[in-house]
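For reference, data_21.txt is printed below; it contains compact mmCIF, C-alpha atoms.
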```txt
# COMPACT_ATOMS: atom_id res chain seq x y z
CA MET C 1 -14.37 45.33 47.14
CA VAL C 2 -12.04 46.79 49.77
CA HIS C 3 -12.10 45.18 53.20
CA GLU C 4 -10.93 46.76 56.44
CA SER C 5 -8.89 43.67 57.21
CA ALA C 6 -6.85 44.06 54.02
CA ILE C 7 -4.23 46.15 55.81
CA ARG C 8 -1.08 44.22 55.05
CA ASP C 9 -0.03 41.03 53.39
CA ALA C 10 -0.21 37.96 55.60
CA GLY C 11 3.36 37.08 54.66
CA ALA C 12 5.49 34.20 55.75
CA GLY C 13 7.01 36.28 58.54
CA ARG C 14 4.12 35.84 60.95
CA ARG C 15 1.75 33.15 62.13
CA ALA C 16 -1.73 33.23 60.70
CA ASN C 17 -5.06 32.53 62.37
CA VAL C 18 -7.35 30.03 60.67
CA LEU C 19 -11.04 29.59 61.50
CA VAL C 20 -12.31 26.10 60.69
CA VAL C 21 -16.02 25.43 60.20
CA ASN C 22 -18.00 22.73 58.43
CA ASP C 23 -21.52 21.45 57.74
CA ASP C 24 -21.03 17.79 58.69
CA GLY C 25 -20.82 18.60 62.39
CA ILE C 26 -18.25 18.90 65.17
CA ALA C 27 -17.73 15.12 65.32
CA ALA C 28 -17.01 14.72 61.59
CA VAL C 29 -13.80 12.93 60.67
CA GLY C 30 -13.08 15.45 57.90
CA LEU C 31 -13.01 18.29 60.41
CA ALA C 32 -10.68 16.44 62.78
CA LYS C 33 -8.26 15.57 59.98
CA VAL C 34 -8.02 19.07 58.54
CA VAL C 35 -7.52 20.65 61.97
CA GLU C 36 -4.67 18.21 62.68
CA ALA C 37 -3.06 18.89 59.30
CA LEU C 38 -3.26 22.68 59.67
CA ASP C 39 -1.82 22.50 63.18
CA ARG C 40 1.05 20.26 62.06
CA THR C 41 2.37 23.04 59.82
CA GLY C 42 3.58 24.73 63.00
CA ARG C 43 2.72 28.13 61.53
CA LEU C 44 -1.05 28.35 61.87
CA ASP C 45 -3.19 28.90 64.95
CA VAL C 46 -6.43 26.98 64.44
CA TYR C 47 -9.81 27.90 65.91
CA VAL C 48 -12.99 25.88 65.41
CA VAL C 49 -16.74 26.55 65.43
CA ALA C 50 -18.82 23.73 63.97
CA PRO C 51 -22.47 22.65 64.08
CA ASP C 52 -23.39 20.25 66.86
CA LYS C 53 -25.16 18.04 64.31
CA GLU C 54 -25.35 17.43 60.57
CA MET C 55 -26.15 20.65 58.70
CA SER C 56 -25.53 19.62 55.10
CA ALA C 57 -27.38 21.45 52.31
CA THR C 58 -28.35 24.37 54.55
CA SER C 59 -26.70 26.75 52.07
CA HIS C 60 -26.13 30.27 53.46
CA SER C 61 -29.10 30.24 55.84
CA ILE C 62 -28.70 31.99 59.19
CA SER C 63 -30.67 31.84 62.45
CA ILE C 64 -32.61 35.00 63.26
CA HIS C 65 -35.73 33.52 64.90
CA ASN C 66 -34.07 31.21 67.43
CA ALA C 67 -31.25 31.49 69.96
CA VAL C 68 -28.00 29.80 68.92
CA SER C 69 -25.83 27.89 71.37
CA ALA C 70 -22.05 27.70 71.70
CA THR C 71 -20.49 24.91 73.77
CA PRO C 72 -16.74 24.50 74.43
CA ARG C 73 -15.32 21.34 72.87
CA VAL C 74 -11.93 19.70 72.54
CA VAL C 75 -10.65 19.16 69.00
CA PRO C 76 -7.02 17.95 68.85
CA GLY C 77 -4.86 20.57 67.15
CA ALA C 78 -7.25 23.46 67.77
CA THR C 79 -6.32 26.32 70.09
CA ARG C 80 -10.01 26.70 70.96
CA ALA C 81 -13.13 24.92 69.72
CA PHE C 82 -16.89 25.30 70.08
CA SER C 83 -19.89 23.41 68.80
CA SER C 84 -23.02 25.38 67.94
CA SER C 85 -26.68 24.70 67.27
CA GLY C 86 -26.47 27.10 64.33
CA THR C 87 -25.92 26.65 60.62
CA PRO C 88 -22.46 26.72 59.02
CA ALA C 89 -22.88 30.43 58.23
CA ASP C 90 -23.96 30.99 61.85
CA CYS C 91 -20.80 29.22 63.01
CA THR C 92 -18.61 31.53 60.96
CA MET C 93 -20.50 34.58 62.22
CA LEU C 94 -20.19 33.44 65.85
CA GLY C 95 -16.49 32.77 65.47
CA LEU C 96 -15.71 36.12 63.86
CA SER C 97 -18.08 38.36 65.80
CA VAL C 98 -18.38 36.78 69.25
CA LEU C 99 -16.24 33.80 70.24
CA TYR C 100 -12.95 34.95 68.70
CA ARG C 101 -13.70 38.60 68.04
CA SER C 102 -10.23 39.72 69.16
CA LYS C 103 -8.59 37.61 66.47
CA ARG C 104 -7.87 38.58 62.90
CA PHE C 105 -8.47 35.62 60.60
CA ASP C 106 -6.69 35.50 57.26
CA TYR C 107 -8.24 32.18 56.25
CA ILE C 108 -11.61 30.52 56.75
CA VAL C 109 -11.33 26.79 56.04
CA SER C 110 -14.63 24.94 55.70
CA GLY C 111 -14.71 21.16 55.59
CA ILE C 112 -13.52 18.68 54.79
CA ASN C 113 -16.96 17.84 53.44
CA ARG C 114 -18.24 14.29 52.99
CA GLY C 115 -19.08 14.26 49.28
CA ASP C 116 -18.27 16.65 46.46
CA ASN C 117 -19.41 20.23 46.07
CA LEU C 118 -19.21 20.54 42.30
CA GLY C 119 -21.36 22.41 39.81
CA LEU C 120 -24.68 23.61 41.14
CA HIS C 121 -24.01 21.97 44.50
CA VAL C 122 -22.14 25.14 45.50
CA VAL C 123 -25.55 26.85 45.71
CA TYR C 124 -26.89 24.38 48.29
CA SER C 125 -23.64 23.70 50.12
CA GLY C 126 -23.28 24.63 53.77
CA THR C 127 -19.56 23.94 53.38
CA VAL C 128 -19.15 26.60 50.69
CA ALA C 129 -21.39 29.00 52.62
CA GLY C 130 -19.25 28.70 55.76
CA ALA C 131 -16.19 29.83 53.81
CA ARG C 132 -18.16 32.45 51.86
CA GLU C 133 -19.52 34.08 55.03
CA GLY C 134 -16.02 34.74 56.30
CA ALA C 135 -14.73 35.92 52.94
CA MET C 136 -17.49 38.44 52.36
CA ARG C 137 -17.71 39.62 55.98
CA THR C 138 -14.05 40.22 56.77
CA GLY C 139 -12.14 39.89 53.53
CA ALA C 140 -10.49 36.67 54.62
CA VAL C 141 -9.58 34.02 52.07
CA GLY C 142 -12.26 31.34 52.10
CA VAL C 143 -11.22 27.75 51.42
CA ALA C 144 -14.07 25.23 51.05
CA VAL C 145 -12.78 21.66 50.79
CA SER C 146 -14.74 18.54 49.82
CA LEU C 147 -13.78 14.90 49.31
CA ASP C 148 -15.45 12.99 46.50
CA SER C 149 -16.74 10.20 48.73
CA TYR C 150 -19.90 9.65 50.76
CA SER C 151 -18.48 6.66 52.59
CA ARG C 152 -18.42 6.85 56.38
CA ASN C 153 -15.08 5.05 56.17
CA ALA C 154 -13.43 7.43 53.69
CA ASP C 155 -9.83 8.46 54.30
CA TYR C 156 -9.51 12.25 54.59
CA SER C 157 -5.76 12.27 55.17
CA GLU C 158 -4.71 13.27 51.66
CA ALA C 159 -7.39 15.94 51.34
CA ALA C 160 -6.30 17.34 54.71
CA ARG C 161 -2.65 17.37 53.68
CA LEU C 162 -3.51 19.18 50.43
CA THR C 163 -5.58 21.75 52.34
CA ALA C 164 -2.71 22.54 54.71
CA GLU C 165 -0.32 22.77 51.78
CA LEU C 166 -2.68 25.12 49.94
CA VAL C 167 -3.13 27.48 52.90
CA THR C 168 0.59 27.67 53.69
CA SER C 169 1.44 28.20 50.01
CA ILE C 170 -0.98 31.14 49.81
CA HIS C 171 0.42 32.46 53.09
CA ASP C 172 4.01 32.29 51.79
CA ALA C 173 3.46 33.76 48.32
CA PRO C 174 4.02 37.55 48.40
CA GLY C 175 0.77 39.39 47.75
CA LEU C 176 -1.35 36.30 47.13
CA THR C 177 -3.35 36.53 50.34
CA GLU C 178 -4.26 40.12 49.50
CA THR C 179 -5.15 39.16 45.94
CA LEU C 180 -7.54 36.45 47.13
CA ARG C 181 -9.18 38.42 49.94
CA GLY C 182 -12.96 38.24 49.64
CA CYS C 183 -12.78 35.16 47.39
CA VAL C 184 -13.58 31.52 48.05
CA LEU C 185 -11.45 28.68 46.73
CA ASN C 186 -13.82 25.78 46.16
CA VAL C 187 -11.55 22.73 46.37
CA ASN C 188 -12.76 19.26 45.42
CA VAL C 189 -10.40 16.34 45.99
CA PRO C 190 -10.73 12.96 44.23
CA ASN C 191 -11.09 9.96 46.50
CA LEU C 192 -7.77 8.56 45.34
CA PRO C 193 -4.42 7.75 46.95
CA ARG C 194 -1.75 10.43 46.52
CA GLU C 195 0.11 8.59 43.77
CA ARG C 196 -3.00 8.41 41.60
CA ILE C 197 -3.96 12.10 41.82
CA GLU C 198 -2.93 13.69 38.53
CA GLY C 199 -2.39 17.20 39.88
CA VAL C 200 -4.39 20.40 40.38
CA LYS C 201 -6.56 22.21 37.83
CA LEU C 202 -8.10 25.67 38.06
CA THR C 203 -11.68 25.22 36.91
CA LYS C 204 -15.04 26.90 36.56
CA PRO C 205 -18.16 25.57 38.32
CA GLY C 206 -20.27 23.66 35.84
CA LEU C 207 -23.92 22.65 35.79
CA SER C 208 -23.60 19.18 37.28
CA CYS C 209 -26.12 18.48 40.04
CA THR C 210 -27.87 15.63 41.81
CA GLN C 211 -31.56 15.74 40.97
CA ALA C 212 -34.17 15.66 43.71
CA GLU C 213 -36.26 12.52 44.12
CA TRP C 214 -39.06 13.16 46.60
CA VAL C 215 -40.55 10.25 48.53
CA ARG C 216 -43.51 10.14 50.89
CA VAL C 217 -42.81 9.05 54.47
CA PRO C 218 -45.07 8.23 57.42
CA GLY C 219 -45.67 10.81 60.14
CA THR C 220 -45.29 10.28 63.88
CA ARG C 221 -47.14 11.54 66.96
CA ASP C 222 -45.78 12.91 70.23
CA ALA C 223 -46.91 11.06 73.34
CA ASN C 224 -48.93 14.08 74.49
CA ASP C 225 -50.64 14.65 71.14
CA ASP C 226 -54.44 14.52 71.22
CA ASP C 227 -56.25 12.25 68.82
CA ASP C 228 -58.22 15.28 67.66
CA ASP C 229 -55.03 16.75 66.23
CA ASP C 230 -54.85 14.10 63.52
CA GLY C 231 -56.18 14.73 60.05
CA SER C 232 -59.52 13.20 59.27
CA ASP C 233 -57.85 10.67 57.02
CA GLY C 234 -55.78 9.34 59.92
CA THR C 235 -52.47 10.92 58.89
CA LEU C 236 -50.19 12.03 61.72
CA ASN C 237 -49.01 15.54 62.42
CA ARG C 238 -45.22 15.25 62.66
CA GLY C 239 -42.72 14.05 60.15
CA PRO C 240 -39.90 11.67 61.06
CA ASP C 241 -37.95 12.88 64.09
CA SER C 242 -36.00 15.95 63.06
CA ASP C 243 -33.29 15.03 65.57
CA SER C 244 -32.63 11.70 63.93
CA ASP C 245 -29.67 11.42 61.58
CA GLY C 246 -31.99 11.88 58.63
CA ASP C 247 -29.10 10.78 56.49
CA TRP C 248 -29.04 8.93 53.21
CA ARG C 249 -26.55 6.45 51.95
CA HIS C 250 -24.88 6.91 48.60
CA ASP C 251 -27.18 4.23 47.18
CA GLY C 252 -30.11 6.54 47.87
CA ASP C 253 -31.68 4.74 50.85
CA PHE C 254 -32.22 6.53 54.13
CA ALA C 255 -29.67 5.44 56.71
CA ASP C 256 -32.07 5.98 59.61
CA GLY C 257 -34.46 3.33 58.31
CA VAL C 258 -37.43 5.59 57.55
CA ASP C 259 -40.04 3.75 55.49
CA GLU C 260 -40.94 5.15 52.11
CA LEU C 261 -44.54 5.23 50.95
CA PRO C 262 -45.58 5.12 47.31
CA ILE C 263 -46.69 8.40 45.74
CA ALA C 264 -49.80 7.68 43.71
CA ASP C 265 -49.76 8.85 40.12
CA ALA C 266 -46.27 10.28 40.44
CA GLY C 267 -46.55 11.89 37.03
CA GLU C 268 -49.14 14.37 38.27
CA GLY C 269 -48.25 14.56 41.95
CA LEU C 270 -51.18 15.41 44.21
CA VAL C 271 -53.22 17.37 41.67
CA ALA C 272 -55.03 14.39 40.21
CA GLY C 273 -58.13 12.77 41.69
CA ASP C 274 -60.41 13.67 44.58
CA ASP C 275 -58.36 11.63 47.06
CA ALA C 276 -55.50 14.08 46.77
CA TRP C 277 -57.62 16.77 48.41
CA GLU C 278 -58.65 14.86 51.52
CA SER C 279 -57.76 16.65 54.76
CA GLY C 280 -54.65 15.68 56.64
CA THR C 281 -50.94 16.39 56.47
CA ARG C 282 -48.61 14.48 54.19
CA TRP C 283 -44.88 14.20 54.84
CA PHE C 284 -42.17 14.03 52.19
CA ARG C 285 -38.42 13.75 52.14
CA ASN C 286 -35.90 14.79 49.55
CA LYS C 287 -33.43 12.05 48.63
CA PRO C 288 -30.83 12.01 45.88
CA GLY C 289 -32.01 10.96 42.48
CA PRO C 290 -30.17 10.69 39.17
CA ALA C 291 -27.19 12.98 38.62
CA LYS C 292 -27.11 15.64 35.93
CA GLU C 293 -23.58 15.56 34.53
CA ASP C 294 -21.54 18.41 33.06
CA ASP C 295 -18.45 16.90 31.48
CA ARG C 296 -17.15 19.95 29.64
CA GLU C 297 -13.43 20.58 29.50
CA GLY C 298 -12.34 23.33 31.88
CA PHE C 299 -15.15 22.74 34.35
CA ASP C 300 -14.96 21.20 37.81
CA LYS C 301 -16.70 17.87 37.20
CA ARG C 302 -14.45 17.01 34.26
CA ALA C 303 -11.29 17.75 36.25
CA MET C 304 -12.41 15.47 39.05
CA ARG C 305 -13.36 12.72 36.64
CA ASP C 306 -9.86 12.91 35.15
CA GLY C 307 -8.24 12.51 38.57
CA PHE C 308 -7.34 16.14 39.26
CA VAL C 309 -7.98 18.26 42.32
CA SER C 310 -10.45 20.92 41.13
CA VAL C 311 -10.01 24.49 42.41
CA SER C 312 -12.61 27.10 41.42
CA VAL C 313 -12.17 30.71 42.53
CA LEU C 314 -15.58 32.08 43.53
CA ALA C 315 -16.56 35.65 44.33
CA SER C 316 -18.07 35.91 47.80
CA GLY C 317 -20.64 38.55 46.89
CA TYR C 318 -23.60 38.49 44.57
CA ALA C 319 -23.30 38.58 40.79
CA THR C 320 -24.67 41.34 38.59
CA VAL C 321 -25.47 41.57 34.91
CA ALA C 322 -23.52 44.19 32.98
CA PHE C 323 -25.79 46.53 31.02
CA ASP C 324 -25.49 49.59 28.82
CA GLN C 325 -26.54 52.56 30.95
CA THR C 326 -26.47 54.92 27.95
CA LYS C 327 -29.57 53.23 26.57
CA ILE C 328 -31.68 54.25 29.57
CA PRO C 329 -33.05 57.82 29.33
CA LYS C 330 -32.46 60.02 32.38
CA GLU C 331 -36.19 60.55 32.64
CA ASN C 332 -37.18 56.97 32.09
CA ARG C 333 -40.89 56.51 31.40
CA LEU C 334 -40.51 53.19 29.63
CA GLY C 335 -42.28 50.11 30.92
CA LEU C 336 -40.29 47.56 32.85
CA GLY C 337 -40.11 45.11 29.97
CA GLU C 338 -38.97 47.68 27.41
CA THR C 339 -36.38 49.07 29.85
CA LEU C 340 -34.86 45.63 30.36
CA VAL C 341 -34.79 44.86 26.65
CA ARG C 342 -33.03 48.12 25.84
CA ALA C 343 -30.47 47.75 28.62
CA LEU C 344 -29.75 44.03 28.55
CA VAL C 345 -29.88 43.15 24.85
CA PRO C 346 -26.91 44.85 23.19
CA ASP C 347 -26.61 45.43 19.47
CA GLY C 348 -26.28 42.10 17.74
CA GLY C 349 -28.19 40.25 20.45
CA VAL C 350 -25.10 38.98 22.28
CA ARG C 351 -25.83 37.60 25.73
CA PRO C 352 -24.90 40.13 28.49
CA ALA C 353 -21.88 39.45 30.64
CA ILE C 354 -22.15 38.39 34.28
CA ARG C 355 -19.75 40.05 36.67
CA ALA C 356 -19.10 39.51 40.36
CA ALA C 357 -19.79 42.26 42.84
CA ALA C 358 -17.01 41.23 45.20
```
Take the structure I supplied and represent it as structure tokens, if you would.
Amino acid sequence: MVHESAIRDAGAGRRANVLVVNDDGIAAVGLAKVVEALDRTGRLDVYVVAPDKEMSATSHSISIHNAVSATPRVVPGATRAFSSSGTPADCTMLGLSVLYRSKRFDYIVSGINRGDNLGLHVVYSGTVAGAREGAMRTGAVGVAVSLDSYSRNADYSEAARLTAELVTSIHDAPGLTETLRGCVLNVNVPNLPRERIEGVKLTKPGLSCTQAEWVRVPGTRDANDDDDDDGSDGTLNRGPDSDSDGDWRHDGDFADGVDELPIADAGEGLVAGDDAWESGTRWFRNKPGPAKEDDREGFDKRAMRDGFVSVSVLASGYATVAFDQTKIPKENRLGLGETLVRALVPDGGVRPAIRAAA
């Protein structure tokens, strides 16, 4: 993919503009630390747009049905900073297209995220999406950075230092910025002191993922709600306040103290028994359950487990399946199923290759 911004190599001879976004919010410690570290290089001009509240696991969603705000903020080390009511992808869009539209950004740094973004988490991650939006929209180099800790007291200093070192190294290496344009570097840093980090490994995203564990929670009612609005079974019409932290601790409990209600006959959900079909609204929340591990050599989770910083190079666009076009007649009257079989199952039944569009 050729991008209009890929005009010349960034090169060490000039300062570079860096847009910093995240999904943990404008007040997140990880954001503050990475902005300070990038600014301390003395060679990068740092601009910030970050959500005004927690926006984790919003993936690449964007706001098209509601207005999105942008409020000036002060973030030490940033030339300019705004908070926004939008998603991480919205923040990147706003920064590139509206707030800093006169700037050319070579790098979009997203993070530093609280908790890893390994394996299948890259699909759900607002952190990765913030970097991906910039990479695919302008051909910048996306850098999504996550620290392997959910602790509110985690130290982001080493991850921030590594991020600044990575960006300046790419900036200095002849041709490397151009090579990586349109790509996202998904960086996951172990929660270890510098002397215990084994090094850096280039990896592939694996299949590790935290499994969903749904719990039922009580609803609430606005002060001006009418009693007639309740379900006939007495359930209430709003879930827990959407403006509350809604956060969960690493042990799986909700940090905002929301009570959990038992789900009857969890094996069959709400399909069993007449009671399941009574009128009224039920409310559920998704909390982290058991983790699905992928410990294969060469993949991101294994590198982190062994004490390495994991760096996976991701394409910013969609992926396509390679197929043999010669097997499809020019006047194709085959059914859909037969067409797919002919095109996607090569001789010998070898699985078709996946290739990135970017």
Could you pull out every residue with an atom within 7 Å of (-10.7, 37.0, 45.8), file coordinates, counting all atoms listed in the file, and send them as a PyMOL selection string? chain C and resi 179-184+315
Report as a tab-separated table the residues of stretch 87-181 of chain C within 9 Å of stretch 33-49 of chain C, each with its shortest atom pair and distance in Å (one decimal), using all atoms listed in the file, ordered by chain and increasing residue number.
```
residue	atom	partner	partner_atom	distance
C:Pro88	CA	C:Val49	CA	8.6
C:Cys91	CA	C:Val49	CA	5.4
C:Thr92	CA	C:Val49	CA	6.9
C:Leu94	CA	C:Val49	CA	7.7
C:Gly95	CA	C:Val49	CA	6.2
C:Leu99	CA	C:Val49	CA	8.7
C:Tyr100	CA	C:Tyr47	CA	8.2
C:Val109	CA	C:Val34	CA	8.8
C:Gly111	CA	C:Val34	CA	7.6
C:Ile112	CA	C:Val34	CA	6.7
C:Tyr156	CA	C:Lys33	CA	6.5
C:Ser157	CA	C:Lys33	CA	6.3
C:Ala159	CA	C:Val34	CA	7.9
C:Ala160	CA	C:Val34	CA	4.5
C:Arg161	CA	C:Ala37	CA	5.8
C:Leu162	CA	C:Ala37	CA	8.9
C:Thr163	CA	C:Val34	CA	7.2
C:Ala164	CA	C:Leu38	CA	5.0
C:Glu165	CA	C:Leu38	CA	8.4
C:Val167	CA	C:Leu38	CA	8.3
C:Thr168	CA	C:Thr41	CA	7.9
```
Residues of the last selection are to be written out with C-alpha atoms, as a short mmCIF file (atom, residue, chain, number, x, y, z; two decimals), in the frame of the given file.
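Output file result26.cif is given in full below:
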```
data_model
loop_
_atom_site.label_atom_id
_atom_site.label_comp_id
_atom_site.auth_asym_id
_atom_site.auth_seq_id
_atom_site.Cartn_x
_atom_site.Cartn_y
_atom_site.Cartn_z
CA PRO C 88 -22.46 26.72 59.02
CA CYS C 91 -20.80 29.22 63.01
CA THR C 92 -18.61 31.53 60.96
CA LEU C 94 -20.19 33.44 65.85
CA GLY C 95 -16.49 32.77 65.47
CA LEU C 99 -16.24 33.80 70.24
CA TYR C 100 -12.95 34.95 68.70
CA VAL C 109 -11.33 26.79 56.04
CA GLY C 111 -14.71 21.16 55.59
CA ILE C 112 -13.52 18.68 54.79
CA TYR C 156 -9.51 12.25 54.59
CA SER C 157 -5.76 12.27 55.17
CA ALA C 159 -7.39 15.94 51.34
CA ALA C 160 -6.30 17.34 54.71
CA ARG C 161 -2.65 17.37 53.68
CA LEU C 162 -3.51 19.18 50.43
CA THR C 163 -5.58 21.75 52.34
CA ALA C 164 -2.71 22.54 54.71
CA GLU C 165 -0.32 22.77 51.78
CA VAL C 167 -3.13 27.48 52.90
CA THR C 168 0.59 27.67 53.69
#
```
Distance query C:Ser125 at most 12 Å, only C-alpha atoms, self and fewer than 3 positions along chain excluded, as a PyMOL selection string: chain C and resi 22-24+55-61+87-89+110-111+113-122+128-132+144-146+186+209
Could you check which residues have any atom within 12 Å of (0.9, 34.4, 46.4), counting only C-alpha atoms with coordinates taken straight from the file, and then list them as a count of residues only? 21
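The spacing separating atom CA of C:Lys201 from atom CA of C:Phe299 amounts to 9.3 Å.
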Can you pull out the residues contacting C:Thr203? Cut-off 7 Å, using only C-alpha atoms, and skip same-chain residues under 5 positions away; I want them as a list of chain:residue names. C:Gly298, C:Phe299, C:Asp300, C:Ser310, C:Val311, C:Ser312
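Taking atom CA of C:Asn66 and atom CA of C:Gly86 as the two end points, the separation is 9.2 Å.
Between atom CA of C:Tyr107 and atom CA of C:Val75 lies a distance of 18.4 Å.
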Output as lines of an AutoDock Vina configuration file the centre and edge lengths (Å, one decimal) of the box along x, y and z of the file that holds every listed atom of stretch 83-92 of chain C after adding 5 Å on each side.
```
center_x = -22.6
center_y = 27.5
center_z = 63.5
size_x = 18.1
size_y = 18.1
size_z = 20.6
```
Filtering to all heavy atoms, could stretch 77-85 of chain C of the supplied structure be written out as a short mmCIF file (atom, residue, chain, number, x, y, z; two decimals), in the first residue's frame?
```cif
data_model
loop_
_atom_site.label_atom_id
_atom_site.label_comp_id
_atom_site.auth_asym_id
_atom_site.auth_seq_id
_atom_site.Cartn_x
_atom_site.Cartn_y
_atom_site.Cartn_z
N GLY C 77 5.21 17.59 28.98
CA GLY C 77 5.99 17.02 27.89
C GLY C 77 5.32 17.13 26.54
O GLY C 77 5.97 16.98 25.51
N ALA C 78 4.01 17.37 26.53
CA ALA C 78 3.28 17.47 25.27
C ALA C 78 3.22 18.91 24.79
O ALA C 78 3.00 19.83 25.58
CB ALA C 78 1.86 16.93 25.44
N THR C 79 3.43 19.10 23.49
CA THR C 79 3.30 20.43 22.90
C THR C 79 1.86 20.92 23.00
O THR C 79 1.61 22.08 23.31
CB THR C 79 3.74 20.39 21.43
OG1 THR C 79 5.09 19.91 21.35
CG2 THR C 79 3.68 21.77 20.79
N ARG C 80 0.92 20.03 22.70
CA ARG C 80 -0.51 20.30 22.83
C ARG C 80 -1.17 19.00 23.28
O ARG C 80 -0.69 17.90 22.96
CB ARG C 80 -1.14 20.75 21.50
CG ARG C 80 -0.67 22.09 20.99
CD ARG C 80 -1.31 23.24 21.74
NE ARG C 80 -0.97 24.53 21.14
CZ ARG C 80 0.13 25.23 21.40
NH1 ARG C 80 1.01 24.74 22.26
NH2 ARG C 80 0.35 26.39 20.82
N ALA C 81 -2.30 19.13 23.98
CA ALA C 81 -3.01 17.93 24.43
C ALA C 81 -4.50 18.23 24.51
O ALA C 81 -4.91 19.33 24.88
CB ALA C 81 -2.50 17.45 25.79
N PHE C 82 -5.30 17.22 24.16
CA PHE C 82 -6.75 17.29 24.27
C PHE C 82 -7.26 15.99 24.86
O PHE C 82 -6.70 14.92 24.61
CB PHE C 82 -7.41 17.47 22.89
CG PHE C 82 -7.24 18.83 22.28
CD1 PHE C 82 -6.11 19.13 21.54
CD2 PHE C 82 -8.22 19.80 22.44
CE1 PHE C 82 -5.94 20.38 20.96
CE2 PHE C 82 -8.07 21.06 21.87
CZ PHE C 82 -6.92 21.34 21.12
N SER C 83 -8.35 16.10 25.62
CA SER C 83 -9.12 14.91 25.97
C SER C 83 -10.37 14.89 25.11
O SER C 83 -10.83 15.94 24.64
CB SER C 83 -9.50 14.90 27.45
OG SER C 83 -10.35 16.01 27.75
N SER C 84 -10.92 13.71 24.88
CA SER C 84 -12.07 13.57 23.98
C SER C 84 -13.05 12.57 24.55
O SER C 84 -12.66 11.61 25.24
CB SER C 84 -11.61 13.12 22.59
OG SER C 84 -12.72 12.79 21.77
N SER C 85 -14.33 12.76 24.23
CA SER C 85 -15.35 11.80 24.64
C SER C 85 -15.38 10.60 23.71
O SER C 85 -16.16 9.67 23.93
CB SER C 85 -16.73 12.47 24.64
OG SER C 85 -17.05 12.96 23.34
#
```
